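Visitor: Questions regarding the structure given below will be posed in turn.
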Amino acid sequence: MRLKPILIAGVMLAFSASAAQAVTWRMATAYPEANFHTRNINQFVKEIEQGTDGKLQINVHASGSLIKPPEIKNAVRSRQIEMGEFLVSTLANENSIFALDSVPFMAVSYEDSAKMYQVSKPYLEEVFAKQRMKVLYSVAWPPQGFYTERPIEKIEDLKGMKVRAYSPQTERFAQLAGAIPTQVEAADLAQAFTTGRVNAMVTSSSTGVNSAAWDYLTHYYDVSAFLPKNVVVVNQASFDSLDKDTQKVLLDAAAIAEERGWEMSKEEHDTQLKALADNGIKVEAGSEQLNAAFRKIGETMAAEWSKEAGKQGQEILEAYRK
Ligand code: PCA
């Protein structure tokens with residue numbers, strides 16, 4: 001049977017229309033391909049691609065390969081790229097709301113972190129909206145602990161150590177512990193350790209494994225100080241340029257990615273603590289003395305945060321403690 005010319009023309013028109021509408025976005029993240037956040041992002045973009053029949057494709061550039069990590073937020077803001085992922089607390093100096101999830105010992109379980117996230121979400125969304133960005137989802141890293149190159153019994157043992165930090169909060173934490181903080185991006189850890197720029201770090205089991213911590217370090221003190229979050233944002237104008245159906249696919253996939261991400265994070269902690277131990281790192285809870293000193297630092301930082309966050313901070317904390 002011969003197809004009627006009119007039908008052929010119709011098919012061709014539909015085909016060219018969808019081809020014309022297909023867009024490719026760029027997305028940047030600071031973290032490596034192997035990291036669970038990046039694996040979650042890869043799944044997220046795959047679902048968007050499938051859900052839109054290829055109309056929206058997103059190329060993910062990991063390890064700060066497209067945009068340097070401290071510039072990812074502004075690259076999305078200025079629409080140099082459409083989407084980006086970054087650690088919320090790297091922006092702590094901009095607004096105290098960004099520091100909340102990294103105040104040590106304020107929320108140390110996944111349950112409390114999730115609750116704190118829910119309470120702080122409208123505030124986070126508002127600050128990003130003012131910068132023409134839309135929050136798609138946010139996922140916590142596993143609990144943060146201390147990696148060292150020798151055993152630590154008490155806080156004084158950290159004195160003078162060069163501690164790798166990744167945010168204003170981790171810098172302050174190391175400083176209050178008597179150590180010397182130095183900012184190093186996750187992607188530059190191996191180099192920083194081999195060149196002796198740092199000899200200890202604050203991070204998760206996850207980043208410890210991703211950076212093969214056993215090559216430079218011997219101990220991990222799993223003190224569960226806090227669970228900082230990554231956030232995935234989209235430029236608002238880029239989002240607005242999508243048709244309604246595509247927007248819905250994107251938002252639905254984001255909701256699924258958020259749920260999946262928190263589950264992946266929990267699993268990651270157990271798996272990677274074991275991987276650290278299997279590779280020869282001594283994983284310990286840390287002495288009572290050490291933990292008490294860390295908690296004291298947490299109290300200092302909580303007081304500092306409250307002062308800085310003012311009335312809005314009070315509101316958030318009240319809602320969180322309810
Ligand atoms: N890994 C990231 C941030 C928090 C974490 O667990 C890092 O170390 O840079």
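In the structure tokens, chains take letters A, B, ... by order of appearance, with residues numbered from 1 within each chain and ligands from 1 in the order shown.
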Which residues form the shell of 9 Å around ligand 1 when you count only C-alpha atoms and all ligand atoms, given as a PyMOL selection string?
Guide: chain A and resi 30-31+87+140-145+164-167+184-187+189+201-208+227-230
Visitor: Could you dump the residues just selected with N, CA, C and O atoms as a tab-separated table (two decimals), in the first residue's frame?
Guide:
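Full text of selection.tsv as output:
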chain	number	residue	atom	x	y	z
A	30	ALA	N	31.04	19.04	40.66
A	30	ALA	CA	32.43	19.04	41.14
A	30	ALA	C	32.94	17.63	41.38
A	30	ALA	O	34.14	17.41	41.49
A	31	TYR	N	32.01	16.67	41.45
A	31	TYR	CA	32.36	15.35	41.98
A	31	TYR	C	32.57	14.31	40.88
A	31	TYR	O	32.02	14.45	39.79
A	87	LEU	N	27.84	21.91	46.44
A	87	LEU	CA	27.61	21.72	47.87
A	87	LEU	C	27.03	23.02	48.42
A	87	LEU	O	27.63	24.08	48.27
A	140	ALA	N	21.78	14.67	50.82
A	140	ALA	CA	22.84	14.75	51.83
A	140	ALA	C	24.00	13.80	51.52
A	140	ALA	O	23.79	12.70	50.99
A	141	TRP	N	25.20	14.24	51.87
A	141	TRP	CA	26.36	13.35	51.86
A	141	TRP	C	26.29	12.49	53.12
A	141	TRP	O	25.64	12.87	54.10
A	142	PRO	N	27.00	11.37	53.13
A	142	PRO	CA	27.07	10.61	54.38
A	142	PRO	C	27.75	11.46	55.47
A	142	PRO	O	28.40	12.46	55.17
A	143	PRO	N	27.60	11.06	56.74
A	143	PRO	CA	28.14	11.83	57.86
A	143	PRO	C	29.64	12.14	57.71
A	143	PRO	O	30.40	11.34	57.17
A	144	GLN	N	30.00	13.31	58.20
A	144	GLN	CA	31.37	13.78	58.09
A	144	GLN	C	32.23	13.38	59.30
A	144	GLN	O	31.80	13.51	60.45
A	145	GLY	N	33.41	12.90	59.00
A	145	GLY	CA	34.36	12.52	60.05
A	145	GLY	C	35.74	13.06	59.73
A	145	GLY	O	35.91	13.85	58.80
A	164	ARG	N	42.51	19.55	55.36
A	164	ARG	CA	41.80	19.92	54.15
A	164	ARG	C	40.35	20.28	54.50
A	164	ARG	O	39.65	19.53	55.18
A	165	ALA	N	39.90	21.46	54.04
A	165	ALA	CA	38.52	21.89	54.26
A	165	ALA	C	37.87	22.14	52.90
A	165	ALA	O	38.57	22.29	51.90
A	166	TYR	N	36.53	22.15	52.85
A	166	TYR	CA	35.86	22.36	51.57
A	166	TYR	C	34.75	23.40	51.66
A	166	TYR	O	33.98	23.58	50.71
A	167	SER	N	34.63	24.06	52.82
A	167	SER	CA	33.57	25.06	53.02
A	167	SER	C	33.99	25.97	54.17
A	167	SER	O	34.86	25.59	54.96
A	184	VAL	N	40.64	22.68	49.68
A	184	VAL	CA	41.06	21.83	48.56
A	184	VAL	C	39.79	21.24	47.96
A	184	VAL	O	38.93	20.73	48.70
A	185	GLU	N	39.64	21.30	46.65
A	185	GLU	CA	38.48	20.69	46.00
A	185	GLU	C	38.60	19.17	46.02
A	185	GLU	O	39.72	18.64	45.98
A	186	ALA	N	37.46	18.49	46.02
A	186	ALA	CA	37.46	17.03	46.05
A	186	ALA	C	38.32	16.46	44.91
A	186	ALA	O	39.04	15.47	45.09
A	187	ALA	N	38.25	17.10	43.74
A	187	ALA	CA	38.98	16.59	42.58
A	187	ALA	C	40.50	16.74	42.73
A	187	ALA	O	41.25	16.08	42.01
A	189	LEU	N	42.25	16.27	45.67
A	189	LEU	CA	42.71	15.68	46.94
A	189	LEU	C	44.03	14.93	46.81
A	189	LEU	O	44.94	15.12	47.62
A	201	MET	N	41.95	15.38	56.76
A	201	MET	CA	40.78	15.99	56.10
A	201	MET	C	39.49	15.69	56.83
A	201	MET	O	39.37	14.69	57.53
A	202	VAL	N	38.54	16.59	56.63
A	202	VAL	CA	37.17	16.39	57.12
A	202	VAL	C	36.37	16.00	55.89
A	202	VAL	O	36.34	16.75	54.92
A	203	THR	N	35.75	14.84	55.90
A	203	THR	CA	34.84	14.47	54.82
A	203	THR	C	34.12	13.17	55.16
A	203	THR	O	34.18	12.70	56.30
A	204	SER	N	33.44	12.60	54.18
A	204	SER	CA	32.65	11.39	54.39
A	204	SER	C	33.43	10.13	54.03
A	204	SER	O	34.48	10.20	53.39
A	205	SER	N	32.85	9.00	54.37
A	205	SER	CA	33.39	7.71	53.94
A	205	SER	C	33.41	7.68	52.40
A	205	SER	O	34.33	7.16	51.78
A	206	SER	N	32.39	8.30	51.83
A	206	SER	CA	32.22	8.31	50.38
A	206	SER	C	33.40	8.98	49.67
A	206	SER	O	34.03	8.38	48.78
A	207	THR	N	33.70	10.21	50.04
A	207	THR	CA	34.81	10.92	49.41
A	207	THR	C	36.15	10.29	49.79
A	207	THR	O	37.09	10.29	48.98
A	208	GLY	N	36.22	9.70	50.97
A	208	GLY	CA	37.45	8.98	51.36
A	208	GLY	C	37.74	7.85	50.38
A	208	GLY	O	38.88	7.68	49.94
A	227	LEU	N	25.77	16.28	58.13
A	227	LEU	CA	25.54	15.72	56.78
A	227	LEU	C	25.28	16.88	55.80
A	227	LEU	O	24.15	17.30	55.63
A	228	PRO	N	26.34	17.39	55.19
A	228	PRO	CA	26.13	18.52	54.27
A	228	PRO	C	25.40	18.04	53.02
A	228	PRO	O	25.47	16.86	52.67
A	229	LYS	N	24.72	18.96	52.36
A	229	LYS	CA	23.93	18.56	51.18
A	229	LYS	C	24.47	19.14	49.88
A	229	LYS	O	24.98	20.25	49.86
A	230	ASN	N	24.29	18.41	48.83
A	230	ASN	CA	24.46	18.95	47.48
A	230	ASN	C	23.10	19.41	47.01
A	230	ASN	O	22.07	18.86	47.44
Visitor: Please produce, as JSON lines, a per-residue contact table for region 70-116 of chain A versus region 300-305 of chain A (criterion: any atom at most 8 Å away, only C-alpha atoms considered), showing the nearest atom pair and its distance in Å to one decimal, sorted by chain then residue number.
Guide:
{"residue": "A:Ser96", "atom": "CA", "partner": "A:Trp305", "partner_atom": "CA", "distance": 7.1}
{"residue": "A:Ala99", "atom": "CA", "partner": "A:Trp305", "partner_atom": "CA", "distance": 7.8}
{"residue": "A:Leu100", "atom": "CA", "partner": "A:Trp305", "partner_atom": "CA", "distance": 7.6}
{"residue": "A:Val103", "atom": "CA", "partner": "A:Ala302", "partner_atom": "CA", "distance": 6.0}
{"residue": "A:Pro104", "atom": "CA", "partner": "A:Met301", "partner_atom": "CA", "distance": 7.2}
{"residue": "A:Met106", "atom": "CA", "partner": "A:Ala302", "partner_atom": "CA", "distance": 7.4}
Visitor: Dump N, CA and C atoms for the selected residues as a CSV table (one decimal), in the first residue's frame?
Guide:
chain,number,residue,atom,x,y,z
A,96,SER,N,23.4,32.9,55.7
A,96,SER,CA,23.6,31.9,56.7
A,96,SER,C,22.7,30.6,56.5
A,99,ALA,N,24.6,27.7,55.5
A,99,ALA,CA,25.6,27.1,56.4
A,99,ALA,C,24.9,26.1,57.4
A,100,LEU,N,23.5,26.2,57.4
A,100,LEU,CA,22.8,25.4,58.4
A,100,LEU,C,23.1,23.9,58.4
A,103,VAL,N,26.5,23.0,60.4
A,103,VAL,CA,26.8,23.3,61.8
A,103,VAL,C,26.9,22.0,62.5
A,104,PRO,N,28.1,21.7,63.0
A,104,PRO,CA,28.4,20.4,63.6
A,104,PRO,C,27.5,20.0,64.7
A,106,MET,N,24.3,19.5,64.9
A,106,MET,CA,23.0,20.0,64.9
A,106,MET,C,22.0,19.0,64.5
Visitor: Using only C-alpha atoms, pick whichever of A:Leu276, A:Val139, A:Ile297, A:Val231 has the shortest atom-to-atom distance to Gly178 (chain A).
Guide: A:Ile297
Visitor: Calculated over only C-alpha atoms, which of the candidates A:Asn35, A:Gln21, A:Asn235, A:Gln183 has the smallest distance to Ile81 (chain A)?
Guide: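 Ranked by minimum distance to Ile81 (chain A), first place goes to A:Asn235.
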Visitor: Could you pull out the residues in region 75-279 of chain A that DSSP calls strand (DSSP E or B) from the backbone, as a ChimeraX atom specification?
Guide: /A:83-87,133-140,145-148,162-165,180-183,200-203,219-221,229-235
Visitor: With C-alpha atoms retained, write the just-selected residues as a PDB file, in the first residue's frame.
Guide:
ATOM      1  CA  MET A  83      22.126  23.068  35.206  1.00  0.00           C
ATOM      2  CA  GLY A  84      24.612  22.518  37.979  1.00  0.00           C
ATOM      3  CA  GLU A  85      25.243  20.675  41.204  1.00  0.00           C
ATOM      4  CA  PHE A  86      27.229  22.034  44.132  1.00  0.00           C
ATOM      5  CA  LEU A  87      27.612  21.720  47.867  1.00  0.00           C
ATOM      6  CA  MET A 133      17.662  29.605  39.765  1.00  0.00           C
ATOM      7  CA  LYS A 134      15.213  26.857  40.526  1.00  0.00           C
ATOM      8  CA  VAL A 135      16.002  24.093  43.008  1.00  0.00           C
ATOM      9  CA  LEU A 136      15.430  20.658  41.478  1.00  0.00           C
ATOM     10  CA  TYR A 137      16.546  18.484  44.342  1.00  0.00           C
ATOM     11  CA  SER A 138      18.982  18.190  47.202  1.00  0.00           C
ATOM     12  CA  VAL A 139      20.700  15.141  48.704  1.00  0.00           C
ATOM     13  CA  ALA A 140      22.844  14.751  51.827  1.00  0.00           C
ATOM     14  CA  GLY A 145      34.362  12.517  60.047  1.00  0.00           C
ATOM     15  CA  PHE A 146      38.084  13.124  60.385  1.00  0.00           C
ATOM     16  CA  TYR A 147      40.860  11.412  58.412  1.00  0.00           C
ATOM     17  CA  THR A 148      44.388  11.561  59.833  1.00  0.00           C
ATOM     18  CA  LYS A 162      47.094  20.851  57.951  1.00  0.00           C
ATOM     19  CA  VAL A 163      43.465  19.918  57.515  1.00  0.00           C
ATOM     20  CA  ARG A 164      41.799  19.924  54.146  1.00  0.00           C
ATOM     21  CA  ALA A 165      38.519  21.890  54.256  1.00  0.00           C
ATOM     22  CA  ILE A 180      45.391  24.745  60.086  1.00  0.00           C
ATOM     23  CA  PRO A 181      42.613  24.612  57.482  1.00  0.00           C
ATOM     24  CA  THR A 182      43.314  24.687  53.733  1.00  0.00           C
ATOM     25  CA  GLN A 183      40.645  24.681  51.031  1.00  0.00           C
ATOM     26  CA  ALA A 200      44.321  15.369  57.334  1.00  0.00           C
ATOM     27  CA  MET A 201      40.783  15.993  56.098  1.00  0.00           C
ATOM     28  CA  VAL A 202      37.171  16.386  57.120  1.00  0.00           C
ATOM     29  CA  THR A 203      34.839  14.469  54.819  1.00  0.00           C
ATOM     30  CA  HIS A 219      42.784   6.577  60.395  1.00  0.00           C
ATOM     31  CA  TYR A 220      39.159   7.578  59.998  1.00  0.00           C
ATOM     32  CA  TYR A 221      37.301   8.927  63.006  1.00  0.00           C
ATOM     33  CA  LYS A 229      23.933  18.558  51.182  1.00  0.00           C
ATOM     34  CA  ASN A 230      24.460  18.953  47.478  1.00  0.00           C
ATOM     35  CA  VAL A 231      21.829  20.797  45.529  1.00  0.00           C
ATOM     36  CA  VAL A 232      20.923  20.504  41.847  1.00  0.00           C
ATOM     37  CA  VAL A 233      19.646  23.735  40.305  1.00  0.00           C
ATOM     38  CA  VAL A 234      18.456  24.847  36.894  1.00  0.00           C
ATOM     39  CA  ASN A 235      18.593  28.335  35.432  1.00  0.00           C
TER      40      ASN A 235
END
Visitor: Could you pull out all residues of region 51-265 of chain A with a DSSP call of helix (DSSP H, G or I) and give them as JSON, numbers by chain?
Guide: {"A": [51, 69, 70, 71, 72, 73, 74, 75, 76, 77, 88, 89, 90, 91, 96, 97, 98, 100, 101, 102, 110, 111, 112, 113, 114, 115, 116, 117, 118, 119, 120, 121, 122, 123, 124, 125, 126, 127, 128, 129, 130, 155, 156, 157, 158, 168, 169, 170, 171, 172, 173, 174, 175, 176, 186, 187, 188, 189, 190, 191, 192, 193, 194, 205, 206, 207, 208, 209, 210, 213, 214, 215, 236, 237, 238, 239, 240, 244, 245, 246, 247, 248, 249, 250, 251, 252, 253, 254, 255, 256, 257, 258, 259, 260, 261, 262, 263, 264, 265]}
Visitor: Which of these residues is nearest to Leu66 (chain A), using only C-alpha atoms: A:Pro32, A:Gly54, A:Tyr110, A:Met27?
Guide: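 The shortest atom-to-atom distance to Leu66 (chain A) comes from A:Met27.
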